[in-house]
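Q: Handing over my_file_36.cif, mmCIF, C-alpha atoms.
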```cif
data_start
#
loop_
_atom_site.label_atom_id
_atom_site.label_comp_id
_atom_site.auth_asym_id
_atom_site.auth_seq_id
_atom_site.Cartn_x
_atom_site.Cartn_y
_atom_site.Cartn_z
CA MET A 1 0.00 0.00 0.00
CA THR A 2 1.24 3.50 -0.78
CA ILE A 3 0.20 6.32 1.53
CA LEU A 4 0.63 10.08 1.29
CA LEU A 5 0.88 11.72 4.71
CA VAL A 6 0.31 15.49 4.77
CA GLU A 7 1.20 16.60 8.30
CA ASP A 8 3.22 19.59 9.54
CA GLU A 9 3.92 18.36 13.08
CA ASP A 10 7.38 16.81 12.72
CA ARG A 11 7.17 14.42 15.67
CA LEU A 12 3.72 13.11 14.71
CA ALA A 13 4.74 12.76 11.08
CA ALA A 14 7.86 10.77 12.01
CA ALA A 15 5.83 8.50 14.30
CA LEU A 16 3.19 7.86 11.63
CA ILE A 17 5.76 7.12 8.93
CA GLU A 18 7.45 4.64 11.28
CA LEU A 19 4.03 3.08 11.96
CA PHE A 20 3.31 2.71 8.25
CA HIS A 21 6.74 1.24 7.52
CA ALA A 22 6.25 -1.31 10.30
CA GLU A 23 3.16 -2.48 8.40
CA LYS A 24 5.27 -2.67 5.21
CA TYR A 25 3.43 0.27 3.65
CA LEU A 26 5.25 2.81 1.50
CA ALA A 27 4.73 6.36 2.74
CA ASP A 28 5.52 9.77 1.26
CA HIS A 29 5.36 12.90 3.42
CA ALA A 30 4.54 16.54 2.75
CA ASP A 31 4.62 19.15 5.54
CA ASN A 32 2.31 21.74 3.98
CA GLY A 33 -0.91 21.77 1.99
CA GLU A 34 0.51 23.02 -1.31
CA ASP A 35 3.19 20.31 -1.46
CA GLY A 36 0.65 17.70 -0.38
CA LEU A 37 -1.74 18.69 -3.14
CA TYR A 38 1.06 18.62 -5.73
CA ALA A 39 2.18 15.15 -4.62
CA ALA A 40 -1.38 13.81 -4.64
CA LEU A 41 -1.95 15.10 -8.17
CA GLN A 42 1.34 13.72 -9.50
CA LYS A 43 1.11 10.17 -8.16
CA ASP A 44 -1.63 7.62 -7.50
CA TYR A 45 -1.78 6.75 -3.79
CA ASP A 46 -3.96 4.13 -2.13
CA VAL A 47 -4.83 6.43 0.78
CA ILE A 48 -4.09 10.04 1.76
CA VAL A 49 -3.83 10.90 5.46
CA LEU A 50 -4.41 14.65 5.59
CA ASP A 51 -4.17 17.07 8.51
CA VAL A 52 -6.66 19.94 8.61
CA MET A 53 -4.45 22.70 10.02
CA LEU A 54 -1.59 23.05 7.54
CA PRO A 55 0.70 25.86 6.36
CA LYS A 56 0.08 27.44 2.94
CA MET A 57 -3.19 25.55 2.28
CA ASP A 58 -5.47 23.90 4.82
CA GLY A 59 -6.71 20.35 4.54
CA PHE A 60 -10.23 21.37 3.56
CA ALA A 61 -8.88 23.27 0.55
CA VAL A 62 -6.58 20.39 -0.39
CA VAL A 63 -9.31 17.75 -0.47
CA HIS A 64 -11.64 20.15 -2.31
CA ALA A 65 -8.99 20.76 -4.98
CA LEU A 66 -8.34 17.02 -5.31
CA ARG A 67 -12.00 16.25 -5.91
CA ARG A 68 -12.34 19.09 -8.41
CA ALA A 69 -9.35 17.63 -10.29
CA GLY A 70 -11.11 14.27 -10.48
CA LYS A 71 -8.87 12.48 -7.95
CA LYS A 72 -10.85 9.79 -6.12
CA THR A 73 -8.09 8.68 -3.75
CA PRO A 74 -9.61 7.95 -0.29
CA VAL A 75 -8.78 10.70 2.21
CA LEU A 76 -8.60 10.33 5.99
CA MET A 77 -8.56 13.76 7.64
CA LEU A 78 -6.85 14.44 10.98
CA THR A 79 -7.62 17.38 13.28
CA ALA A 80 -6.91 18.53 16.81
CA ARG A 81 -10.35 20.15 16.93
CA ASP A 82 -13.31 18.05 18.05
CA GLU A 83 -16.09 20.13 16.58
CA ILE A 84 -18.90 18.65 14.55
CA ARG A 85 -18.84 21.51 12.02
CA ASP A 86 -15.22 20.69 11.15
CA LYS A 87 -16.14 17.08 10.52
CA ILE A 88 -19.11 18.10 8.39
CA GLU A 89 -17.01 20.55 6.38
CA GLY A 90 -14.31 17.94 5.75
CA LEU A 91 -16.81 15.35 4.60
CA ASP A 92 -18.66 17.90 2.47
CA GLN A 93 -15.40 18.84 0.72
CA GLY A 94 -14.85 15.19 -0.24
CA ALA A 95 -13.04 13.50 2.65
CA ASP A 96 -13.90 9.85 3.27
CA ASP A 97 -13.18 9.59 6.99
CA TYR A 98 -12.22 11.77 9.93
CA MET A 99 -10.16 11.28 13.11
CA THR A 100 -9.57 13.63 16.04
CA LYS A 101 -6.14 13.91 17.65
CA PRO A 102 -4.94 12.29 19.83
CA PHE A 103 -5.85 8.89 18.43
CA VAL A 104 -4.93 5.25 18.96
CA PRO A 105 -2.43 4.10 16.27
CA GLU A 106 -4.22 0.76 15.80
CA GLU A 107 -7.46 2.58 15.01
CA LEU A 108 -5.70 4.76 12.46
CA LEU A 109 -4.28 1.67 10.73
CA ALA A 110 -7.69 0.01 10.76
CA ARG A 111 -9.28 3.04 9.13
CA VAL A 112 -6.52 3.24 6.51
CA ARG A 113 -7.06 -0.44 5.66
CA ALA A 114 -10.81 0.09 5.45
CA LEU A 115 -10.37 3.05 3.09
CA SER A 116 -8.01 1.08 0.84
CA ARG A 117 -10.54 -1.74 0.58
CA ARG A 118 -13.28 0.76 -0.16
CA GLN A 119 -11.66 1.54 -3.50
CA GLY A 120 -11.32 -2.13 -4.34
CA GLU A 121 -7.78 -2.80 -3.17
CA VAL A 122 -6.97 -6.19 -1.73
CA LEU A 123 -4.29 -5.81 0.91
CA LEU A 124 -1.17 -7.28 -0.57
CA ASP A 125 0.94 -10.12 0.70
CA GLU A 126 3.13 -9.73 -2.36
CA LEU A 127 4.26 -7.08 -4.79
CA ARG A 128 4.49 -7.75 -8.54
CA PHE A 129 6.17 -6.05 -11.46
CA GLY A 130 6.96 -7.67 -14.79
CA ASP A 131 8.00 -11.24 -14.07
CA LEU A 132 8.96 -10.40 -10.47
CA CYS A 133 7.00 -11.38 -7.38
CA LEU A 134 8.23 -10.11 -4.00
CA SER A 135 6.83 -11.64 -0.80
CA LEU A 136 6.28 -8.82 1.68
CA ALA A 137 6.35 -11.27 4.57
CA THR A 138 9.69 -12.96 3.79
CA ASN A 139 11.40 -10.62 1.26
CA GLU A 140 11.71 -13.62 -1.06
CA LEU A 141 11.92 -12.55 -4.70
CA ASN A 142 10.67 -14.92 -7.39
CA ALA A 143 10.99 -14.88 -11.18
CA LYS A 144 10.74 -17.62 -13.79
CA GLY A 145 10.54 -20.41 -11.24
CA GLN A 146 13.62 -19.29 -9.30
CA SER A 147 13.82 -17.44 -6.01
CA VAL A 148 16.30 -15.49 -3.94
CA ARG A 149 16.04 -13.84 -0.52
CA LEU A 150 16.60 -10.09 -0.47
CA ALA A 151 18.29 -8.25 2.38
CA TYR A 152 16.07 -5.70 4.12
CA LYS A 153 17.47 -2.64 2.31
CA GLU A 154 17.43 -4.47 -1.03
CA ALA A 155 13.74 -5.25 -0.52
CA GLU A 156 12.98 -1.67 0.51
CA LEU A 157 14.77 -0.37 -2.58
CA LEU A 158 12.82 -2.70 -4.84
CA LYS A 159 9.52 -1.71 -3.20
CA LEU A 160 10.37 1.96 -3.74
CA LEU A 161 11.25 1.39 -7.39
CA ILE A 162 8.08 -0.62 -8.03
CA ALA A 163 5.91 1.98 -6.31
CA ASN A 164 7.44 4.60 -8.65
CA LYS A 165 7.64 2.49 -11.80
CA GLY A 166 8.10 4.68 -14.83
CA VAL A 167 9.45 7.51 -12.68
CA ILE A 168 13.13 8.43 -12.41
CA LEU A 169 14.20 8.40 -8.75
CA SER A 170 17.23 10.51 -7.88
CA LYS A 171 19.91 9.19 -5.53
CA GLU A 172 18.96 11.95 -3.10
CA THR A 173 15.34 10.77 -3.06
CA ILE A 174 16.35 7.15 -2.52
CA LEU A 175 18.68 8.19 0.30
CA ARG A 176 15.93 10.14 2.01
CA LYS A 177 13.30 7.43 1.60
CA LEU A 178 15.45 4.47 2.70
CA TRP A 179 17.85 5.98 5.22
CA GLY A 180 16.06 9.13 6.42
CA ASP A 181 17.09 12.76 6.61
CA GLU A 182 19.30 12.32 9.68
CA SER A 183 21.34 9.39 8.35
CA ASP A 184 25.05 9.56 7.55
CA ALA A 185 24.48 7.41 4.46
CA VAL A 186 25.83 8.81 1.18
CA GLU A 187 25.17 8.27 -2.51
CA ASN A 188 27.68 5.41 -2.56
CA ASN A 189 25.27 3.49 -0.33
CA VAL A 190 22.57 3.86 -2.96
CA GLU A 191 24.93 2.75 -5.72
CA ALA A 192 25.98 -0.28 -3.68
CA TYR A 193 22.42 -1.47 -3.06
CA VAL A 194 21.44 -0.88 -6.67
CA SER A 195 24.38 -3.09 -7.62
CA PHE A 196 23.36 -5.79 -5.12
CA LEU A 197 19.79 -5.76 -6.43
CA ARG A 198 20.92 -5.85 -10.06
CA LYS A 199 22.98 -8.96 -9.34
CA LYS A 200 19.97 -10.72 -7.86
CA LEU A 201 17.80 -9.73 -10.82
CA GLY A 202 20.51 -11.15 -13.05
CA PHE A 203 20.61 -14.37 -11.05
CA LEU A 204 16.85 -14.73 -11.52
CA GLN A 205 17.24 -13.93 -15.25
CA SER A 206 14.45 -11.42 -14.83
CA SER A 207 13.28 -9.19 -17.67
CA VAL A 208 13.13 -6.32 -15.16
CA ARG A 209 16.09 -3.93 -15.20
CA ILE A 210 17.24 -0.98 -13.09
CA GLN A 211 18.35 1.58 -15.63
CA ALA A 212 20.70 4.40 -14.67
CA ILE A 213 19.67 7.73 -16.20
CA ARG A 214 22.74 9.96 -16.46
CA ARG A 215 22.75 12.79 -13.92
CA GLN A 216 19.15 12.03 -12.94
CA GLY A 217 18.87 8.72 -11.09
CA TYR A 218 17.38 5.27 -11.56
CA LEU A 219 14.36 3.91 -13.41
CA LEU A 220 12.74 0.47 -13.12
CA LEU A 221 11.77 -0.95 -16.51
CA GLU A 222 10.93 -4.20 -18.20
CA GLU A 223 13.47 -5.27 -20.81
CA GLU A 224 10.92 -5.03 -23.62
CA ALA A 225 10.41 -1.34 -22.81
CA LEU A 226 14.10 -0.41 -23.02
#
```
Can I see the file as structure tokens?
A:
Amino acid sequence: MTILLVEDEDRLAAALIELFHAEKYLADHADNGEDGLYAALQKDYDVIVLDVMLPKMDGFAVVHALRRAGKKTPVLMLTARDEIRDKIEGLDQGADDYMTKPFVPEELLARVRALSRRQGEVLLDELRFGDLCLSLATNELNAKGQSVRLAYKEAELLKLLIANKGVILSKETILRKLWGDESDAVENNVEAYVSFLRKKLGFLQSSVRIQAIRRQGYLLLEEEAL
């Protein structure tokens, strides 16, 4: 599952991203309404978790703009205010569900799962692209009747590439997504794990390739599309 979190409280955002990652969900984060709206319009997410009180553009305006643009992504709105008129306004603007802070993390996850099912998604035990099948429970990667176990970071890299298939991911983006903003990891770490993953794709004789785009980053493609 891919989730967009639009939340300006740094500590809450970090805690929610950690919660989503523990459930093996991919999560992008924006800390203001304008960036959140841009991200939601550029990429198809399974669920958007959207705070109401945001810099630059509040959550009500964001969900209204999404619906006007034809985006049907389920939206769960978060607010520190427990007033019925806020809930009504959020739902009227196009939100699908509403939670008041503070909340129990397990309830948030349950509501996210419910929203993803509402749009017809079956919660995945595996991730597929081309001839690849990655087990999210064991990190076992299968292709053409063969299998290999991926290390944790290799699996996270592959998940990120699959979630952004057809999109060039810069080394900086991969660093931030896999190691975090506070990590001492450098671009050589990204290059190393791309190399590790390429070797395992080669071992499986997969038609999927990680293509390096000069001065831009990496792109996941099927061989036929190269």
Q: Record the distance separating atom CA of Ser116 of chain A and atom CA of Cys133 of chain A, expressed in Å with one decimal.
A: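 So the answer is 21.2 Å.
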Q: Carefully work through the PyMOL selection byres ((chain A and resi 136) around 9) for this structure and note down the residues it includes, as a PyMOL selection string.
A: chain A and resi 24+124-127+134-135+137-140+155
Q: Which of these, A:Glu187, A:Leu161, A:Leu178, A:Leu204, has the shortest distance to Leu219 of chain A once you count only C-alpha atoms?
A: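 Nearest to Leu219 of chain A: A:Leu161.
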Q: For atom CA of Leu5 of chain A and atom CA of Val49 of chain A, determine how far apart the two atoms are, in Å to one decimal place.
A: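 Spanning atom CA of Leu5 of chain A to atom CA of Val49 of chain A is a straight-line distance of 4.8 Å.
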Q: Any chance you could resolve the PyMOL selection byres ((chain A and resi 168) around 6) against this file and give the residues as an NGL selection string?
A: :A and (167 or 169 or 217-219)
Q: For a test of reading the model, state the distance in Å between atom CA of Asp8 of chain A and atom CA of Ala114 of chain A, rounded to one decimal.
A: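 It comes out at 24.4 Å.
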Q: Using the chain letters and numbers from the file, which residues does the PyMOL selection byres ((chain A and resi 19) around 12) grab, as a list in words?
A: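 With the PyMOL selection byres ((chain A and resi 19) around 12) on this model, the match is Ile3, Leu5, Leu12, Ala13, Ala14, Ala15, Leu16, Ile17, Glu18, Phe20, His21, Ala22, Glu23, Lys24, Tyr25, Leu26, Ala27, Val104, Pro105, Glu106, Glu107, Leu108, Leu109 and Val112 of chain A.
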Q: Between A:Ser147, A:Thr173, A:Thr2, A:Asn32, which has the minimum distance to Ser206 of chain A (counting all atoms listed in the file)?
A: A:Ser147
Q: May I ask which of the residues A:Val47, A:Ile162, A:Val63, A:Ala69 is the closest one to Arg111 of chain A, counting only C-alpha atoms?
A: A:Val47
Q: Check the smallest atom-to-atom distance from each of A:Lys171, A:His29, A:Arg117, A:Arg68 to Glu191 of chain A using all atoms listed in the file, then report the winner.
A: A:Lys171
Q: Can you work out which one of A:Lys56, A:Lys101, A:Arg214, A:Lys177 has the shortest atom-to-atom distance to Glu156 of chain A, counting only C-alpha atoms?
A: A:Lys177
Q: Using only C-alpha atoms, which of the listed residues (A:Glu222, A:Trp179, A:Lys72, A:Asp28) sits closest to Tyr152 of chain A?
A: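 Closest to Tyr152 of chain A of all the choices is A:Trp179.
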Q: To box segment 126-135 of chain A, take all atoms listed in the file, fit an axis-aligned box, add 4 Å on each side, and give centre and edge lengths in Å to one decimal, as JSON.
A:
```
{"center_x": 6.0, "center_y": -8.8, "center_z": -7.8, "size_x": 13.8, "size_y": 13.6, "size_z": 22.0}
```
Q: Compile the contact shell of Glu34 of chain A as a list in words: residues with an atom at most 12 Å away, counting all atoms listed in the file, same-chain residues fewer than 5 positions apart removed.
A: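 Residues meeting the cut-off are Val6, Glu7, Asp8, Ala39, Ala40, Leu41, Leu50, Leu54, Pro55, Lys56, Met57, Asp58, Gly59, Phe60, Ala61, Val62, Val63, Ala65 and Leu66 of chain A.
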